[in-house]
$ cat structure04.cif   # mmCIF, C-alpha atoms and all ligand atoms
data_target
#
loop_
_atom_site.label_atom_id
_atom_site.label_comp_id
_atom_site.auth_asym_id
_atom_site.auth_seq_id
_atom_site.Cartn_x
_atom_site.Cartn_y
_atom_site.Cartn_z
CA MET A 6 -89.92 72.53 164.66
CA ASP A 7 -91.27 72.55 168.19
CA TYR A 8 -90.92 76.32 168.50
CA TYR A 9 -94.26 76.46 166.66
CA GLY A 10 -96.00 74.24 169.19
CA LYS A 11 -97.23 70.70 168.57
CA LYS A 12 -100.47 71.57 166.76
CA MET A 13 -98.81 73.96 164.33
CA SER A 14 -95.97 71.49 163.68
CA ARG A 15 -98.51 68.79 162.96
CA LEU A 16 -100.28 70.97 160.39
CA ILE A 17 -96.98 71.86 158.70
CA GLU A 18 -95.98 68.20 158.65
CA GLN A 19 -99.28 67.15 157.03
CA LEU A 20 -99.06 69.88 154.39
CA SER A 21 -95.44 69.14 153.53
CA ALA A 22 -96.41 65.53 152.80
CA LEU A 23 -98.35 66.80 149.74
CA PRO A 24 -96.61 66.61 146.35
CA GLY A 25 -94.79 69.77 145.33
CA ILE A 26 -95.07 71.31 148.80
CA GLY A 27 -91.67 71.79 150.42
CA GLY A 28 -91.04 72.76 154.02
CA LYS A 29 -91.21 76.51 153.35
CA SER A 30 -94.44 76.33 151.36
CA ALA A 31 -95.95 74.14 154.07
CA GLN A 32 -95.13 76.76 156.71
CA ARG A 33 -96.53 79.54 154.54
CA LEU A 34 -99.77 77.58 153.96
CA ALA A 35 -100.07 76.66 157.64
CA PHE A 36 -99.80 80.32 158.70
CA HIS A 37 -102.31 81.26 156.02
CA ILE A 38 -104.76 78.59 157.23
CA ILE A 39 -104.65 79.60 160.88
CA HIS A 40 -105.43 83.19 159.90
CA MET A 41 -108.36 82.17 157.68
CA PRO A 42 -111.94 82.72 158.96
CA LYS A 43 -113.12 79.56 160.70
CA GLU A 44 -115.98 78.89 158.28
CA GLN A 45 -113.58 79.10 155.33
CA VAL A 46 -111.38 76.48 156.96
CA GLU A 47 -114.46 74.31 157.45
CA GLN A 48 -115.38 74.63 153.78
CA LEU A 49 -111.87 73.58 152.82
CA THR A 50 -111.79 70.53 155.10
CA ASP A 51 -115.33 69.59 154.03
CA ALA A 52 -114.36 69.77 150.36
CA ILE A 53 -111.34 67.53 150.99
CA LYS A 54 -113.36 64.96 152.94
CA ASP A 55 -116.30 65.04 150.56
CA ALA A 56 -114.08 64.58 147.50
CA ARG A 57 -112.13 61.76 149.11
CA GLU A 58 -115.27 59.94 150.22
CA ASN A 59 -117.47 60.40 147.17
CA ILE A 60 -115.22 60.39 144.15
CA CYS A 61 -115.08 57.03 142.42
CA TYR A 62 -114.31 55.55 139.01
CA CYS A 63 -116.81 55.79 136.14
CA LYS A 64 -117.95 52.21 135.51
CA GLU A 65 -117.51 52.70 131.77
CA CYS A 66 -114.31 54.72 131.18
CA TYR A 67 -112.74 54.67 134.68
CA THR A 68 -112.24 58.39 134.89
CA LEU A 69 -112.74 59.96 138.32
CA THR A 70 -116.31 61.06 138.88
CA ASP A 71 -118.95 61.28 141.61
CA GLN A 72 -121.59 59.36 139.71
CA GLU A 73 -121.90 55.81 138.41
CA LEU A 74 -121.35 57.11 134.88
CA CYS A 75 -119.25 60.22 134.25
CA PRO A 76 -120.94 63.11 132.35
CA ILE A 77 -119.08 62.17 129.13
CA CYS A 78 -120.17 58.52 129.14
CA ALA A 79 -123.70 59.55 130.12
CA ASN A 80 -123.95 61.99 127.19
CA PRO A 81 -125.83 60.46 124.21
CA GLN A 82 -124.49 63.24 121.95
CA ARG A 83 -120.94 61.87 122.22
CA ASP A 84 -119.66 59.34 119.71
CA HIS A 85 -119.51 56.19 121.83
CA ARG A 86 -117.85 54.23 119.01
CA THR A 87 -114.64 56.25 119.22
CA ILE A 88 -112.57 55.66 122.35
CA MET A 89 -109.51 57.74 123.22
CA VAL A 90 -107.14 55.96 125.60
CA VAL A 91 -105.36 58.29 128.04
CA GLU A 92 -103.13 57.71 131.05
CA SER A 93 -104.97 59.89 133.54
CA THR A 94 -108.11 61.90 134.25
CA ARG A 95 -105.92 65.04 133.94
CA ASP A 96 -105.08 64.03 130.36
CA LEU A 97 -108.80 63.56 129.67
CA ALA A 98 -109.41 67.07 131.02
CA ALA A 99 -106.72 68.47 128.71
CA TYR A 100 -108.48 67.01 125.64
CA GLU A 101 -111.89 68.11 126.88
CA LYS A 102 -110.59 71.67 127.13
CA THR A 103 -110.01 71.72 123.38
CA GLY A 104 -113.79 71.27 122.97
CA LYS A 105 -113.17 69.54 119.63
CA TYR A 106 -113.22 65.87 120.54
CA ASP A 107 -116.67 64.30 120.61
CA GLY A 108 -115.80 60.68 121.27
CA VAL A 109 -115.46 59.01 124.66
CA TYR A 110 -112.39 58.04 126.69
CA HIS A 111 -110.76 55.19 128.51
CA VAL A 112 -108.52 56.13 131.44
CA LEU A 113 -105.72 53.65 132.16
CA HIS A 114 -104.51 55.22 135.42
CA GLY A 115 -100.87 54.73 134.58
CA ALA A 116 -98.62 53.34 131.89
CA ILE A 117 -96.63 50.15 131.50
CA SER A 118 -93.15 50.57 132.96
CA PRO A 119 -90.89 47.53 133.29
CA MET A 120 -88.40 49.74 135.17
CA LEU A 121 -90.94 50.59 137.86
CA GLY A 122 -92.43 47.11 137.80
CA ILE A 123 -95.76 48.33 136.40
CA GLY A 124 -97.17 45.67 134.10
CA PRO A 125 -100.28 45.46 131.89
CA ALA A 126 -102.29 44.03 134.79
CA ASP A 127 -101.57 47.12 136.90
CA ILE A 128 -103.43 49.53 134.62
CA ARG A 129 -107.05 49.43 133.36
CA LEU A 130 -106.26 47.44 130.23
CA LYS A 131 -108.47 44.44 130.86
CA GLU A 132 -111.39 46.84 131.25
CA LEU A 133 -110.52 48.42 127.89
CA MET A 134 -110.50 45.05 126.16
CA GLN A 135 -113.90 44.26 127.68
CA ARG A 136 -115.30 47.51 126.29
CA LEU A 137 -114.02 46.59 122.83
CA GLN A 138 -116.40 43.65 122.71
CA GLY A 139 -119.14 46.20 122.17
CA ASP A 140 -119.72 48.37 119.10
CA VAL A 141 -116.42 50.23 118.65
CA ASN A 142 -115.17 51.86 115.47
CA GLU A 143 -111.80 53.33 116.48
CA VAL A 144 -109.41 53.37 119.41
CA ILE A 145 -107.18 56.45 119.56
CA ILE A 146 -104.13 55.88 121.74
CA ALA A 147 -103.21 59.15 123.42
CA THR A 148 -100.75 57.95 126.04
CA ASN A 149 -97.80 60.30 126.67
CA SER A 150 -94.81 60.27 124.36
CA SER A 151 -92.54 59.15 127.20
CA LEU A 152 -90.88 55.72 127.04
CA GLU A 153 -93.68 54.33 129.24
CA GLY A 154 -96.39 55.94 127.11
CA GLU A 155 -94.87 54.54 123.90
CA THR A 156 -94.44 51.08 125.42
CA THR A 157 -98.08 51.15 126.48
CA ALA A 158 -99.22 52.31 123.04
CA MET A 159 -97.33 49.48 121.33
CA TYR A 160 -98.72 46.93 123.76
CA ILE A 161 -102.30 48.10 123.31
CA SER A 162 -102.09 48.22 119.52
CA LYS A 163 -100.79 44.63 119.45
CA LEU A 164 -103.72 43.56 121.64
CA ILE A 165 -106.32 45.32 119.53
CA LYS A 166 -105.02 44.52 116.02
CA PRO A 167 -106.46 40.98 115.90
CA THR A 168 -109.94 42.32 116.72
CA GLY A 169 -110.03 44.26 113.44
CA ILE A 170 -110.90 47.51 115.23
CA LYS A 171 -109.08 50.55 113.83
CA VAL A 172 -106.22 51.64 116.12
CA SER A 173 -104.52 55.00 115.80
CA ARG A 174 -101.85 56.90 117.70
CA ILE A 175 -101.90 60.67 118.21
CA ALA A 176 -99.23 62.36 116.12
CA SER A 177 -95.89 63.27 117.61
CA GLY A 178 -95.47 66.95 118.24
CA VAL A 179 -96.48 66.38 121.78
CA PRO A 180 -93.07 66.85 123.46
CA VAL A 181 -91.31 63.75 124.75
CA GLY A 182 -92.07 63.15 128.41
CA GLY A 183 -94.47 66.06 128.33
CA ASP A 184 -97.49 65.85 130.55
CA LEU A 185 -100.55 66.31 128.34
CA GLU A 186 -102.09 68.74 130.79
CA TYR A 187 -99.30 71.29 130.23
CA ILE A 188 -99.56 71.24 126.47
CA ASP A 189 -101.51 73.99 124.76
CA GLU A 190 -104.82 73.18 123.10
CA MET A 191 -103.62 73.83 119.54
CA THR A 192 -100.80 71.30 119.90
CA LEU A 193 -103.24 68.74 121.29
CA LEU A 194 -105.66 69.31 118.44
CA ARG A 195 -102.90 69.00 115.85
CA ALA A 196 -101.76 65.76 117.51
CA LEU A 197 -105.32 64.42 117.43
CA GLU A 198 -106.04 65.45 113.85
CA GLY A 199 -102.69 64.16 112.63
CA ARG A 200 -103.13 60.76 114.26
CA VAL A 201 -101.77 57.82 112.31
CA GLU A 202 -103.24 54.37 111.99
CA LEU A 203 -101.07 51.69 113.62
ZN ZN A 301 -117.01 57.65 131.88
#

$ encode --input "structure04.cif" --output "structure tokens"
Amino acid sequence: MDYYGKKMSRLIEQLSALPGIGGKSAQRLAFHIIHMPKEQVEQLTDAIKDARENICYCKECYTLTDQELCPICANPQRDHRTIMVVESTRDLAAYEKTGKYDGVYHVLHGAISPMLGIGPADIRLKELMQRLQGDVNEVIIATNSSLEGETTAMYISKLIKPTGIKVSRIASGVPVGGDLEYIDEMTLLRALEGRVEL
């Protein structure tokens, strides 16, 4: 790719390392960037650096945030006795978009997958169990309906059962292997409302 010169090739290489960006898209983006006004490029690089440096995990629910407590955990209007367990911050965002859930969340950052060698200790499960020592009424398991999501749901329900805390699983209807973030709000709401106690 040296016909572009070293600096251009380097930019294309960096961009094509991003997920979902193939060689052609990387070239298109690189040409777009070098034609952008300089201050716009600065805003973009600043936003990337700032996000990378200042985004951390909420100390309560482990979602990504830039404060010690995320806005949901810090909100006294939310029902802190109902915890919805999701695989990722993107899944949390999908449920928040429905505007109908007023409990709090717990973000696992992954799911158990024996095939990929991801065990219970590799996701934020220990942290969930610690939270359950407080005043908790119900845990809603909203992991994906993929094999990994189901395995994780089963594992969590077995862990929680002996504590006497109510455990429920969002209803099926969420397509198998479907990423929660791509599912429309009505389907998510139906899945939440139709949750079944495990
Ligand atoms: Zn939080």

$ closest_residue --input "structure04.cif" --among "A:Ile26, A:Leu194, A:Leu137, A:Leu69" --to "Pro167 of chain A" --atoms "only C-alpha atoms"
A:Leu137

$ residues_near_ligand --input "structure04.cif" --ligand "ligand ZN 301 (chain A)" --cutoff "6 Å" --atoms "only C-alpha atoms and all ligand atoms" --output "list in words"
Cys63, Glu65, Cys66, Tyr67, Thr68, Leu74, Cys75, Ile77 and Cys78 of chain A

$ residues_around --input "structure04.cif" --residues "segment 157-160 of chain A" --least-positions-apart "3" --cutoff "8 Å" --atoms "only C-alpha atoms" --output "list in words"
Ala116, Ile117, Ile146, Ala147, Thr148, Glu153, Gly154, Lys163, Leu164 and Arg174 of chain A

$ closest_residue --input "structure04.cif" --among "A:Ile175, A:Val46, A:Leu16, A:Met191" --to "Gln32 of chain A" --atoms "all atoms listed in the file"
A:Leu16

$ atom_distance --input "structure04.cif" --atom1 "atom CA of Glu202 of chain A" --atom2 "atom CA of Leu97 of chain A"
20.7 Å

$ residues_near_point --input "structure04.cif" --point "(-92.8, 72.9, 153.8)" --cutoff "12 Å" --atoms "all atoms listed in the file" --output "list of chain:residue names"
A:Met6, A:Ser14, A:Arg15, A:Leu16, A:Ile17, A:Glu18, A:Gln19, A:Leu20, A:Ser21, A:Ala22, A:Leu23, A:Pro24, A:Gly25, A:Ile26, A:Gly27, A:Gly28, A:Lys29, A:Ser30, A:Ala31, A:Gln32, A:Arg33, A:Leu34, A:Ala35, A:Phe36

$ atom_distance --input "structure04.cif" --atom1 "atom CA of Glu101 of chain A" --atom2 "atom CA of Val201 of chain A"
20.5 Å

$ residues_around --input "structure04.cif" --residues "segment 87-93 of chain A" --least-positions-apart "5" --cutoff "6 Å" --atoms "all atoms listed in the file" --output "list in words"
Gly108, Val109, Tyr110, His111, Val112, Leu113, His114, Gly115, Asn142, Glu143, Val144, Ile145, Ile146, Ala147 and Thr148 of chain A

$ atom_distance --input "structure04.cif" --atom1 "atom CA of Glu47 of chain A" --atom2 "atom CA of Tyr62 of chain A"
26.3 Å
